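Q: Dumping the structure here so I can ask a few things about it.
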2 protein chains.
Amino acid sequence: MERHVKFSPRGHILRVGSLSLKLNEFERIFVVGAGKAGAAMAAALEQILGPENVSGGLINVKHGHTRPAPKKIRLRECGHPLPDQCGLDGAREMEALLRELNAGDLLFVLISGGASALLPAPALPLTLADKQQTTDLLLRAGADIVELNAVRKHLSALKGGQLAAFAYPATTVSLLLSDVIGDPLDVIGSGPTAPDSSTFEDALRVLSKYQVSKQVPAAVLARLKQGAKGRLPETPKPGDAMFSNVTNFVIGSNRLALDAAAEMARSLGYRPLILSSTMQGETREVARVHAEILREVVSSGRPINRPACVLSGGETTVTVRGKGKGGRNQEFALAAALSLSGTPNVAVLSAGTDGTDGPTDAAGAIIDGETVARALKLGLSPAGHLANNDAYPFFKVLGDLVKTGSTGTNVMDLHILLAG
Amino acid sequence: MERHVKFSPRGHILRVGSLSLKLNEFERIFVVGAGKAGAAMAAALEQILGPENVSGGLINVKHGHTRPAPKKIRLRECGHPLPDQCGLDGAREMEALLRELNAGDLLFVLISGGASALLPAPALPLTLADKQQTTDLLLRAGADIVELNAVRKHLSALKGGQLAAFAYPATTVSLLLSDVIGDPLDVIGSGPTAPDSSTFEDALRVLSKYQVSKQVPAAVLARLKQGAKGRLPETPKPGDAMFSNVTNFVIGSNRLALDAAAEMARSLGYRPLILSSTMQGETREVARVHAEILREVVSSGRPINRPACVLSGGETTVTVRGKGKGGRNQEFALAAALSLSGTPNVAVLSAGTDGTDGPTDAAGAIIDGETVARALKLGLSPAGHLANNDAYPFFKVLGDLVKTGSTGTNVMDLHILLAG
């Protein structure tokens, strides 16, 4: 997998990372995909390729997410986060298109946040309801994400590398915006073009482990048993020959966003230090650790000297204890404000890259060493708002919410800490 | 405050950090102090000065903590963590010694972990019980450490800079081993030679805030009221002229220990990165953040390239939910093991510098990416042991406890993370 990707069309050569595609050697170019950023991705790709070179294509996007619109690639507005018939119809249409491809064709697959829900494709004769019921049962029984995916991929027609299998023998280039910790190709958008290492037998074992074999729809159990007996094709496995025609590129991710932020910090005169792009854990605790690192920068110049920009990204978790309004980024900022109260020349921004933090109209919030003092003067209790998971009203009164509007895509959260 | 201190006696000149003391210009040299490391500190200082140059002195140490023994400086074995009459007698004896000092004398004050309890000195006519009762009431009422110290210093004869005041006009050099987050001079050992910014009025306000004014011993309230009326001398304040004769050196601290560990890592070929010496928060969450940073080192060479040694120190907190046996360092290691399971070429050590982690005979534990797999093979449940705060038996079975025995002093905990 290549992370740093630049499109550089030169004559008829399109370079995507280390891959060189001689466009005039392909008979046709198609584009399919799904996700909230599908319109922008499709429009940009079309412009790079030249619309006249695109034979056609289809992207399932979320209702209202249709700008900027591509010319040759059709958009279908479908249900998200709950899959609907539109998404299903789009998936069937894509499947039909892929079946027609041959070795002379080039296929681009564009995947962004929400792709899994926007591209529902239960394997026949299963229904959407069959898949949903199975997923719900496993979630309630405590199955983890690896177990859940093993089952879901084996109930699907496109997930788990099967989209790429339909496209074979065409050359397939998958461009992915990752909203998953660690950017695993088999998890982003449920891995439609990535090898799947799980099997029908694994899926059956998961049902058995959580004792839901008798509760799942009969058609689900029947399919998995058929598959385990070798009577259905397995999902494509790592090392399968067909993957020699497939390249997956993560073209947007938390890590790339951190790199861009670090580059911007450097250009502004700060020394950047990226801690991690896979930050996880209880939000206020993660924030406190970050605050202690920033305090060390201020007091001793460790881990780097000022002016410093300490960065991290990922997706933390708020254990809801109160009844307030907020999101994990606003809670991160509030917890950091408490730890950094009185520390001079520091500032912290925490924000979701999709522009939406929890059920609020803000992407996050920004704080400095004076935030707590300012709040107290206004009669706000910073500790009280934190205890009640109520960061939104706190930052609203202070005027320190960060509002970007919807950015159309999601590479998780960014935490940016400055010591001037 | 100087952190990097080296003793370099040259002829009659003793250099302590930037301070140059012409030993032959002093009439007499005395040494007082308290703390668990008092014996070793006194013996080392005596050797540097030459025992023949020391006129006398006294250190209150914990029972059994008498090795290596100094020759001219007397040790008193006293109660810890509960103060006793021995500690009180030692404090009174020191007070008498300090009162006799004059401008030609040099006084060293040696402070290490446990000093506050080992040097109890209630201001007359208060008793140890009066102070203890007041402290207990405030703790139960929810007073924070700043509020608690404001009261305690104003009930004491030596805390809050008053030891230095007794020694005035002698030249006073205080050598401190810090077991407090951030190394604040007014908190280490209750700050016997540091300015105190709190007042009798502050102390009264604290009693009033927590509504314990009528519950504290009558003598306590009477003293604070007298003091607030200006009828008792205040604790020495920042900027007081007497402090021109006083220098405080932190000669041992978590930060210095981290520096030493980083230096050792560098000599072993690792790139060291110190994150913070004031790490705080819920242990397992802090461990997880550390693990994510180490995983980023492995996956992308951020924040530093391998071979890397990421270091931090401080004192985390375990919220006890289970009934197991362990300590915060063992819990840190266990949580890190779960986060790093399967990650190649990494190792994490978490240990308390005093050699004692919680109510166990271990200083901490060590883990790597194989720890969880090894444990599962042995029938241990890593997640179960973590949920039950039961890291000690887990690491005992694995043979991965780190045992150093008591080190005689405490500069809090060290977390050392390697990526080879």
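Letters A, B, ... go to the chains of the structure tokens in the order shown; residues in each chain start at 1; ligands are counted from 1 in the same order.
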Let's see if you can do this: from backbone DSSP, list all strand (DSSP E) residues in segment 172-389 of chain B, as a PyMOL selection string.

A: chain B and resi 172-177+246-252+271-279+308-314+346-352+364-368

Q: Dump as a count of residues only the residues of chain B that approach chain A to within 12 Å, counting only C-alpha atoms.

A: 55

Q: As a PyMOL selection string, please: every residue in segment 212-414 of chain B that a backbone DSSP assignment puts in helix (DSSP H, G or I).

A: chain B and resi 218-228+241-245+254-267+283-300+328-339+371-377+382-387+391-398

Q: Find the spatial neighbours of Pro236 of chain A, counting only C-alpha atoms, within a cut-off of 9 Å - ignore same-chain residues fewer than 3 positions away - and output them as a list of chain:residue names.

A: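 So, after excluding close chain neighbours, the residues are A:Gly160, A:Gly161, A:Gln162, A:Ala164, A:Ala165, A:Ala194, A:Pro195, A:Asp196, A:Ser197, A:Pro233, A:Gly239, A:Asp240, A:Met242, A:Phe243.
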
Q: Output the selection as a CSV table (one decimal), in the first residue's frame - C-alpha atoms for each residue.

A:
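Result file follows (out_17.csv):
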chain,number,residue,atom,x,y,z
A,160,GLY,CA,-14.2,-8.7,1.3
A,161,GLY,CA,-12.5,-8.4,-2.1
A,162,GLN,CA,-15.5,-9.6,-4.0
A,164,ALA,CA,-12.4,-6.7,-7.2
A,165,ALA,CA,-13.2,-10.4,-8.2
A,194,ALA,CA,-8.8,-6.2,-0.5
A,195,PRO,CA,-8.0,-9.8,0.3
A,196,ASP,CA,-10.1,-11.4,3.0
A,197,SER,CA,-8.3,-13.8,5.3
A,233,PRO,CA,-17.0,-19.4,-3.9
A,239,GLY,CA,-2.1,-14.2,-2.5
A,240,ASP,CA,-4.9,-15.0,-5.0
A,242,MET,CA,-6.5,-11.9,-9.3
A,243,PHE,CA,-4.9,-9.4,-6.8

Q: Would you kindly return, as a compact mmCIF listing (two decimals) with all heavy atoms, in the first residue's frame, each protein, DNA or RNA residue with an atom no farther than 12 Å from any atom of Glu52 of chain B, considering only C-alpha atoms and excluding same-chain residues fewer than 3 positions away?

A:
# COMPACT_ATOMS: atom_id res chain seq x y z
N ARG B 28 31.57 27.10 60.67
CA ARG B 28 31.12 25.73 60.96
C ARG B 28 30.18 25.25 59.84
O ARG B 28 29.56 26.06 59.16
CB ARG B 28 30.36 25.67 62.29
CG ARG B 28 31.16 26.14 63.50
CD ARG B 28 30.29 26.13 64.73
NE ARG B 28 29.18 27.08 64.62
CZ ARG B 28 28.21 27.24 65.53
NH1 ARG B 28 28.22 26.49 66.64
NH2 ARG B 28 27.26 28.11 65.36
N ILE B 29 30.11 23.95 59.67
CA ILE B 29 29.17 23.36 58.71
C ILE B 29 28.27 22.37 59.45
O ILE B 29 28.77 21.46 60.15
CB ILE B 29 29.89 22.62 57.57
CG1 ILE B 29 30.83 23.59 56.81
CG2 ILE B 29 28.89 21.99 56.60
CD1 ILE B 29 31.63 22.93 55.70
N PHE B 30 26.96 22.54 59.31
CA PHE B 30 26.00 21.62 59.91
C PHE B 30 25.11 20.99 58.83
O PHE B 30 24.94 21.55 57.75
CB PHE B 30 25.11 22.33 60.92
CG PHE B 30 25.85 22.74 62.17
CD1 PHE B 30 26.41 24.02 62.27
CD2 PHE B 30 26.01 21.85 63.21
CE1 PHE B 30 27.10 24.40 63.41
CE2 PHE B 30 26.71 22.22 64.35
CZ PHE B 30 27.25 23.50 64.46
N GLU B 46 28.86 13.99 53.59
CA GLU B 46 29.97 13.98 54.55
C GLU B 46 31.28 13.61 53.85
O GLU B 46 32.33 14.21 54.10
CB GLU B 46 29.66 12.94 55.63
CG GLU B 46 30.14 13.31 57.01
CD GLU B 46 29.81 12.19 57.98
OE1 GLU B 46 30.19 11.02 57.70
OE2 GLU B 46 29.18 12.48 59.00
N GLN B 47 31.19 12.66 52.96
CA GLN B 47 32.38 12.22 52.25
C GLN B 47 32.91 13.33 51.33
O GLN B 47 34.11 13.54 51.23
CB GLN B 47 32.06 10.97 51.44
CG GLN B 47 33.30 10.22 51.00
CD GLN B 47 32.95 8.85 50.44
OE1 GLN B 47 31.77 8.52 50.28
NE2 GLN B 47 33.97 8.05 50.14
N ILE B 48 31.99 14.03 50.69
CA ILE B 48 32.38 15.13 49.80
C ILE B 48 33.03 16.27 50.59
O ILE B 48 34.06 16.82 50.19
CB ILE B 48 31.15 15.63 49.02
CG1 ILE B 48 30.72 14.58 47.99
CG2 ILE B 48 31.44 16.96 48.35
CD1 ILE B 48 29.33 14.80 47.44
N LEU B 49 32.40 16.59 51.72
CA LEU B 49 32.91 17.71 52.53
C LEU B 49 34.17 17.33 53.29
O LEU B 49 34.99 18.19 53.63
CB LEU B 49 31.84 18.15 53.54
CG LEU B 49 30.53 18.70 52.96
CD1 LEU B 49 29.50 18.87 54.08
CD2 LEU B 49 30.77 20.02 52.24
N SER B 55 30.70 19.98 61.47
CA SER B 55 30.63 20.21 62.91
C SER B 55 29.60 19.33 63.57
O SER B 55 29.70 19.03 64.76
CB SER B 55 30.29 21.68 63.18
OG SER B 55 31.28 22.52 62.63
N GLY B 56 28.59 18.94 62.83
CA GLY B 56 27.57 18.07 63.41
C GLY B 56 26.29 18.14 62.62
O GLY B 56 26.20 18.81 61.60
N PRO B 70 26.43 7.80 58.06
CA PRO B 70 27.41 8.88 58.14
C PRO B 70 28.16 8.80 59.48
O PRO B 70 27.72 8.11 60.40
CB PRO B 70 26.55 10.14 58.06
CG PRO B 70 25.21 9.72 58.58
CD PRO B 70 25.04 8.26 58.24
N LYS B 71 29.31 9.49 59.57
CA LYS B 71 30.11 9.41 60.80
C LYS B 71 29.76 10.53 61.77
O LYS B 71 29.58 10.29 62.97
CB LYS B 71 31.60 9.50 60.44
CG LYS B 71 32.11 8.25 59.75
CD LYS B 71 33.51 8.44 59.20
CE LYS B 71 33.94 7.23 58.39
NZ LYS B 71 35.15 7.48 57.59
N LYS B 72 29.71 11.76 61.27
CA LYS B 72 29.51 12.89 62.17
C LYS B 72 28.05 13.30 62.29
O LYS B 72 27.68 13.99 63.24
CB LYS B 72 30.32 14.11 61.65
CG LYS B 72 31.81 13.90 61.65
CD LYS B 72 32.42 14.00 63.05
CE LYS B 72 32.71 15.42 63.47
NZ LYS B 72 33.79 16.05 62.70
N ILE B 73 27.26 12.93 61.31
CA ILE B 73 25.86 13.33 61.31
C ILE B 73 25.03 12.22 61.95
O ILE B 73 25.10 11.07 61.52
CB ILE B 73 25.37 13.59 59.87
CG1 ILE B 73 26.27 14.65 59.19
CG2 ILE B 73 23.92 14.02 59.84
CD1 ILE B 73 26.17 14.68 57.68

Q: What lies within 6 Å of segment 81-88 of chain A using only C-alpha atoms, ignoring chain neighbours under 2 positions off, as an MDAnalysis selection string?

A: chainID A and resid 78:79 90:91 117:121

Q: Keeping only C-alpha atoms, write the selected residues to a file as an mmCIF file, in the first residue's frame.

A:
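New file selection_15.cif:
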data_model
loop_
_atom_site.group_PDB
_atom_site.id
_atom_site.type_symbol
_atom_site.label_atom_id
_atom_site.label_comp_id
_atom_site.auth_asym_id
_atom_site.auth_seq_id
_atom_site.Cartn_x
_atom_site.Cartn_y
_atom_site.Cartn_z
ATOM 1 C CA CYS A 78 -28.801 6.716 -1.054
ATOM 2 C CA GLY A 79 -29.529 6.082 2.627
ATOM 3 C CA GLY A 90 -26.745 0.869 -7.058
ATOM 4 C CA ALA A 91 -24.714 -2.083 -5.846
ATOM 5 C CA ALA A 117 -23.660 1.330 4.451
ATOM 6 C CA LEU A 118 -23.999 3.044 1.071
ATOM 7 C CA LEU A 119 -23.030 -0.109 -0.830
ATOM 8 C CA PRO A 120 -25.162 -2.857 0.694
ATOM 9 C CA ALA A 121 -25.044 -6.039 -1.308
#

Q: So what do you get for atom CA of Gly364 of chain B versus atom CA of Gly324 of chain B, distance-wise?

A: 15.3 Å

Q: Applying 9 Å and only C-alpha atoms, which residues near Leu185 of chain B remain after dropping the ones on its own chain fewer than 2 positions away? List them as a list in words.

A: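 With the cut-off at 9 Å, the set is Met1, Leu176, Ser178, Asp183, Val187, Ile188, Gly189, Ser190, Gly191, Pro192, Thr193, Ala194, Pro195, Asn248, Phe249 and Val250 of chain B.
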
Q: Considering only C-alpha atoms, can you say which of B:Lys225, B:Val173, B:Ser198, B:Met41 comes closest to Lys159 of chain B?

A: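 Between B:Lys225, B:Val173, B:Ser198, B:Met41, the residue approaching Lys159 of chain B most closely is B:Ser198.
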
Q: Do you know which residues are at most 7 Å from segment 149-156 of chain A counting only C-alpha atoms, after dropping those on the same chain fewer than 5 positions away, and could you put them as a short mmCIF file (atom, residue, chain, number, x, y, z; two decimals) with all heavy atoms, in the first residue's frame?

A:
data_model
loop_
_atom_site.label_atom_id
_atom_site.label_comp_id
_atom_site.auth_asym_id
_atom_site.auth_seq_id
_atom_site.Cartn_x
_atom_site.Cartn_y
_atom_site.Cartn_z
N ALA A 121 -24.89 -5.05 -0.24
CA ALA A 121 -25.04 -6.04 -1.31
C ALA A 121 -25.13 -7.44 -0.72
O ALA A 121 -24.20 -8.23 -0.83
CB ALA A 121 -23.87 -5.94 -2.28
N PRO A 122 -26.26 -7.75 -0.10
CA PRO A 122 -26.38 -9.09 0.46
C PRO A 122 -26.27 -10.14 -0.65
O PRO A 122 -26.85 -9.95 -1.74
CB PRO A 122 -27.78 -9.10 1.10
CG PRO A 122 -28.49 -7.90 0.56
CD PRO A 122 -27.45 -6.93 0.13
N ALA A 123 -25.55 -11.20 -0.38
CA ALA A 123 -25.44 -12.29 -1.36
C ALA A 123 -26.82 -12.92 -1.54
O ALA A 123 -27.51 -13.19 -0.56
CB ALA A 123 -24.43 -13.31 -0.86
N LYS A 131 -29.18 -9.63 6.80
CA LYS A 131 -27.84 -9.21 7.21
C LYS A 131 -27.91 -8.36 8.47
O LYS A 131 -27.12 -8.52 9.42
CB LYS A 131 -27.17 -8.38 6.08
CG LYS A 131 -26.40 -9.22 5.08
CD LYS A 131 -25.72 -8.35 4.03
CE LYS A 131 -24.43 -7.71 4.54
NZ LYS A 131 -23.75 -6.94 3.47
N SER A 198 -10.53 -14.21 6.25
CA SER A 198 -11.51 -15.04 6.98
C SER A 198 -12.25 -15.96 6.02
O SER A 198 -12.26 -15.74 4.81
CB SER A 198 -12.51 -14.14 7.73
OG SER A 198 -13.38 -13.48 6.83
N THR A 199 -12.85 -17.01 6.59
CA THR A 199 -13.50 -18.04 5.77
C THR A 199 -14.95 -18.26 6.21
O THR A 199 -15.37 -17.79 7.26
CB THR A 199 -12.76 -19.38 5.90
OG1 THR A 199 -12.87 -19.81 7.27
CG2 THR A 199 -11.29 -19.25 5.54
N PHE A 200 -15.71 -19.01 5.37
CA PHE A 200 -17.07 -19.41 5.76
C PHE A 200 -17.03 -20.15 7.10
O PHE A 200 -17.91 -19.98 7.95
CB PHE A 200 -17.68 -20.30 4.68
CG PHE A 200 -18.28 -19.54 3.52
CD1 PHE A 200 -17.66 -19.53 2.28
CD2 PHE A 200 -19.49 -18.85 3.67
CE1 PHE A 200 -18.23 -18.84 1.21
CE2 PHE A 200 -20.06 -18.16 2.60
CZ PHE A 200 -19.42 -18.15 1.36
N ASP A 202 -14.87 -19.77 9.52
CA ASP A 202 -14.70 -18.78 10.59
C ASP A 202 -16.05 -18.15 10.95
O ASP A 202 -16.39 -17.97 12.13
CB ASP A 202 -13.76 -17.65 10.14
CG ASP A 202 -12.32 -18.14 9.99
OD1 ASP A 202 -11.96 -19.12 10.68
OD2 ASP A 202 -11.57 -17.52 9.22
N ALA A 203 -16.82 -17.80 9.92
CA ALA A 203 -18.11 -17.16 10.14
C ALA A 203 -19.04 -18.07 10.94
O ALA A 203 -19.70 -17.63 11.89
CB ALA A 203 -18.75 -16.78 8.80
#

Q: Which value, in Å to one decimal, gives the distance between atom CA of Asp354 of chain A and atom CA of Gly33 of chain A?

A: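 If I compute the distance from atom CA of Asp354 of chain A to atom CA of Gly33 of chain A, I get 19.1 Å.
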
Q: What does the distance between atom CA of Ala365 of chain A and atom CA of Thr404 of chain A come to in Å, to one decimal place?

A: 11.0 Å
